[in-house]
Amino acid sequence: MTATITAFESSPDRGQGLARDMRVRWALEEVGQPYEVRLLIFKAMKQPDHLALNPFGQIPTYEEGALALFESGAIVLHIAEQHPGLLPEDANGRARAIMWMFAAVATVEPPIVERSMAVIVERDKPWHAERLPMLDDRIRARLGELSRHLGEGEWLDGAFSVGDLMMVHVLRRLESSGLLSEYPAVAAYVARGQARPAYQRAFAAQRAVFEAAVAGK
């Protein structure tokens, strides 16, 4: 049965591949599974039909038969568990890959999102000039730790896994900040993730939505 995911009809990131449906698209592309997309405007995300799928009124959601999921991490993990290619075969390796998924969304992502919101909504506030360097230092601490772990390694724990998929997408939000360039091992790691054919297909699919919206205006 073909899964259906939800995504923004009008991408707030202007087609840069930062919206979280990108993670789900990428996972489906990695495991070679087709999917359909239901595009939503912001108003529709707060309507009863969508709230029945995600009580927080966000995207993405995932529907496959009687199963409905929200939260990109949960959706990606479900895909990885149902189809080979994103989780190691040995139990310990699988556990570590899932651990890195949690590290991406619980340890690395929060300060990055906080910085993004500060840049977007606090730029004109009197405290912005002092707050931004503090946020940057919090992110640098995480990037330094991640860089030391990576060392000369290609991926976080042996072969590419669902942990890398989530981590690369989280780190991509830093591309315009200049922070990634301070950590060459991490920047190269992100570039390797983006070079994967499955990533390229997912990015193109999400970008096409933005381009279609622009063309329709």
# chains A, B, ... in the order shown; residues from 1 in each chain; ligands from 1
>>> residues_around(residues="Gly158 (chain A)", least_positions_apart="5", cutoff="10 Å", atoms="only C-alpha atoms", output="number ranges by chain")
A: 88, 93, 97, 153
>>> select_by_dssp(residues="region 13-217 of chain A", states="strand (DSSP E or B)", output="ChimeraX atom specification")
/A:35-40,61-64,67-70
>>> residues_around(residues="Ala213 (chain A)", least_positions_apart="5", cutoff="12 Å", atoms="only C-alpha atoms", output="PyMOL selection string")
chain A and resi 8-12+14-15+39-41+206-208
>>> closest_residue(among="A:Arg172, A:Trp127, A:Val121, A:Tyr189", to="Glu152 (chain A)", atoms="only C-alpha atoms")
A:Tyr189
>>> closest_atom_pairs(of="region 36-154 of chain A", to="region 162-168 of chain A", cutoff="10 Å", atoms="only C-alpha atoms", output="Markdown table")
| residue | atom | partner | partner_atom | distance |
| --- | --- | --- | --- | --- |
| A:Ser72 | CA | A:Met166 | CA | 9.2 |
| A:Gly73 | CA | A:Met166 | CA | 7.6 |
| A:Val76 | CA | A:Val162 | CA | 7.6 |
| A:Leu77 | CA | A:Val162 | CA | 7.3 |
| A:Ile79 | CA | A:Val162 | CA | 9.5 |
| A:Ala80 | CA | A:Val162 | CA | 6.9 |
| A:Glu81 | CA | A:Val162 | CA | 9.9 |
| A:Gly85 | CA | A:Val162 | CA | 8.7 |
| A:Leu86 | CA | A:Val162 | CA | 5.0 |
| A:Leu87 | CA | A:Val162 | CA | 6.3 |
| A:Pro88 | CA | A:Val162 | CA | 9.3 |
| A:Arg94 | CA | A:Val162 | CA | 9.3 |
| A:Arg96 | CA | A:Gly163 | CA | 8.2 |
| A:Ala97 | CA | A:Gly163 | CA | 4.9 |
| A:Ile98 | CA | A:Gly163 | CA | 6.1 |
| A:Met99 | CA | A:Gly163 | CA | 7.3 |
| A:Trp100 | CA | A:Gly163 | CA | 4.7 |
| A:Met101 | CA | A:Gly163 | CA | 4.4 |
| A:Phe102 | CA | A:Gly163 | CA | 8.0 |
| A:Ala103 | CA | A:Met167 | CA | 8.0 |
| A:Ala104 | CA | A:Met167 | CA | 4.8 |
| A:Val105 | CA | A:Met166 | CA | 7.6 |
| A:Val108 | CA | A:Met167 | CA | 8.0 |
| A:Glu109 | CA | A:Met167 | CA | 8.5 |
>>> residues_around(residues="Ala44 (chain A)", least_positions_apart="2", cutoff="12 Å", atoms="only C-alpha atoms", output="MDAnalysis selection string")
chainID A and resid 6:9 38:42 46:52 54 57:59
>>> write_last_selection(atoms="N, CA, C and O atoms", output="CSV table (one decimal), in the first residue's frame")
chain,number,residue,atom,x,y,z
A,6,THR,N,2.0,14.4,4.4
A,6,THR,CA,1.6,15.8,4.2
A,6,THR,C,2.8,16.7,4.2
A,6,THR,O,3.8,16.4,4.8
A,7,ALA,N,2.6,17.8,3.5
A,7,ALA,CA,3.7,18.8,3.4
A,7,ALA,C,3.1,20.1,3.2
A,7,ALA,O,1.9,20.3,2.9
A,8,PHE,N,3.9,21.2,3.3
A,8,PHE,CA,3.5,22.5,3.1
A,8,PHE,C,3.1,22.8,1.6
A,8,PHE,O,4.0,22.4,0.7
A,9,GLU,N,2.0,23.4,1.3
A,9,GLU,CA,1.7,23.8,-0.1
A,9,GLU,C,2.6,25.0,-0.5
A,9,GLU,O,3.0,25.1,-1.6
A,38,ARG,N,0.1,14.9,0.2
A,38,ARG,CA,-1.1,15.8,0.3
A,38,ARG,C,-0.6,17.2,0.8
A,38,ARG,O,-0.1,17.3,1.9
A,39,LEU,N,-0.7,18.2,0.0
A,39,LEU,CA,-0.2,19.5,0.3
A,39,LEU,C,-1.3,20.3,1.1
A,39,LEU,O,-2.5,20.2,0.8
A,40,LEU,N,-0.8,21.0,2.1
A,40,LEU,CA,-1.7,21.7,3.0
A,40,LEU,C,-1.3,23.2,3.1
A,40,LEU,O,-0.1,23.5,3.2
A,41,ILE,N,-2.3,24.1,3.2
A,41,ILE,CA,-2.0,25.5,3.5
A,41,ILE,C,-2.0,25.5,5.1
A,41,ILE,O,-2.5,24.6,5.7
A,42,PHE,N,-1.5,26.6,5.7
A,42,PHE,CA,-1.3,26.7,7.1
A,42,PHE,C,-2.7,26.6,7.8
A,42,PHE,O,-2.8,25.9,8.8
A,46,LYS,N,-4.8,23.4,10.9
A,46,LYS,CA,-5.4,23.6,12.2
A,46,LYS,C,-6.9,23.2,12.2
A,46,LYS,O,-7.6,23.4,13.1
A,47,GLN,N,-7.3,22.6,11.1
A,47,GLN,CA,-8.7,22.1,10.9
A,47,GLN,C,-8.8,20.7,11.5
A,47,GLN,O,-7.8,19.9,11.6
A,48,PRO,N,-10.0,20.3,11.9
A,48,PRO,CA,-10.3,19.0,12.5
A,48,PRO,C,-9.7,17.8,11.8
A,48,PRO,O,-9.2,16.9,12.4
A,49,ASP,N,-9.8,17.8,10.5
A,49,ASP,CA,-9.3,16.6,9.7
A,49,ASP,C,-7.8,16.4,9.9
A,49,ASP,O,-7.4,15.3,10.1
A,50,HIS,N,-7.1,17.5,9.9
A,50,HIS,CA,-5.6,17.3,10.1
A,50,HIS,C,-5.3,17.1,11.6
A,50,HIS,O,-4.4,16.4,11.9
A,51,LEU,N,-6.0,17.8,12.5
A,51,LEU,CA,-5.7,17.6,13.9
A,51,LEU,C,-6.0,16.2,14.3
A,51,LEU,O,-5.4,15.8,15.3
A,52,ALA,N,-6.8,15.5,13.6
A,52,ALA,CA,-7.1,14.1,13.9
A,52,ALA,C,-5.8,13.3,13.7
A,52,ALA,O,-5.6,12.2,14.3
A,54,ASN,N,-2.6,14.8,13.5
A,54,ASN,CA,-1.5,15.5,14.3
A,54,ASN,C,-2.2,16.5,15.2
A,54,ASN,O,-2.6,17.6,14.8
A,57,GLY,N,-1.1,20.1,15.0
A,57,GLY,CA,-1.4,20.9,13.8
A,57,GLY,C,-0.1,21.2,13.0
A,57,GLY,O,0.1,22.3,12.5
A,58,GLN,N,0.8,20.2,12.9
A,58,GLN,CA,2.0,20.3,12.1
A,58,GLN,C,2.1,19.3,11.0
A,58,GLN,O,1.3,18.4,10.9
A,59,ILE,N,3.1,19.5,10.2
A,59,ILE,CA,3.5,18.5,9.2
A,59,ILE,C,4.9,18.0,9.5
A,59,ILE,O,5.7,18.7,10.2
>>> atom_distance(atom1="CA of Ser147 (chain A)", atom2="CA of Pro184 (chain A)")
8.1 Å
>>> select_by_dssp(residues="region 60-169 of chain A", states="alpha helix (DSSP H)", output="VMD selection string")
chain A and resid 72 to 82 91 to 102 109 to 121 128 to 150 162 to 169
>>> closest_residue(among="A:Thr4, A:Gln33, A:Gln16, A:Thr107", to="Leu69 (chain A)", atoms="only C-alpha atoms")
A:Thr4
>>> residues_around(residues="Ala66 (chain A)", least_positions_apart="4", cutoff="12 Å", atoms="only C-alpha atoms", output="NGL selection string")
:A and (1 or 3-4 or 53 or 62)
>>> write_last_selection(atoms="N, CA and C atoms", output="mmCIF file, in the first residue's frame")
data_model
loop_
_atom_site.group_PDB
_atom_site.id
_atom_site.type_symbol
_atom_site.label_atom_id
_atom_site.label_comp_id
_atom_site.auth_asym_id
_atom_site.auth_seq_id
_atom_site.Cartn_x
_atom_site.Cartn_y
_atom_site.Cartn_z
ATOM 1 N N MET A 1 0.840 -1.189 0.000
ATOM 2 C CA MET A 1 0.000 0.000 0.000
ATOM 3 C C MET A 1 0.877 1.241 0.000
ATOM 4 N N ALA A 3 2.108 4.833 0.829
ATOM 5 C CA ALA A 3 1.934 5.764 1.931
ATOM 6 C C ALA A 3 1.623 7.158 1.405
ATOM 7 N N THR A 4 0.925 7.949 2.231
ATOM 8 C CA THR A 4 0.650 9.348 1.929
ATOM 9 C C THR A 4 1.228 10.204 3.038
ATOM 10 N N LEU A 53 -4.998 13.749 12.722
ATOM 11 C CA LEU A 53 -3.749 13.058 12.396
ATOM 12 C C LEU A 53 -2.599 13.554 13.262
ATOM 13 N N TYR A 62 1.919 10.872 8.314
ATOM 14 C CA TYR A 62 2.157 9.677 7.479
ATOM 15 C C TYR A 62 0.967 8.765 7.638
#
>>> closest_residue(among="A:Asp137, A:Gly17, A:Ser176, A:Thr2", to="Phe210 (chain A)", atoms="only C-alpha atoms")
A:Gly17
>>> closest_residue(among="A:Ser116, A:Ala187, A:Arg123, A:Arg192", to="Asp13 (chain A)", atoms="only C-alpha atoms")
A:Ser116
>>> closest_residue(among="A:Arg173, A:Arg115, A:His78, A:Arg148", to="Asp136 (chain A)", atoms="only C-alpha atoms")
A:Arg115
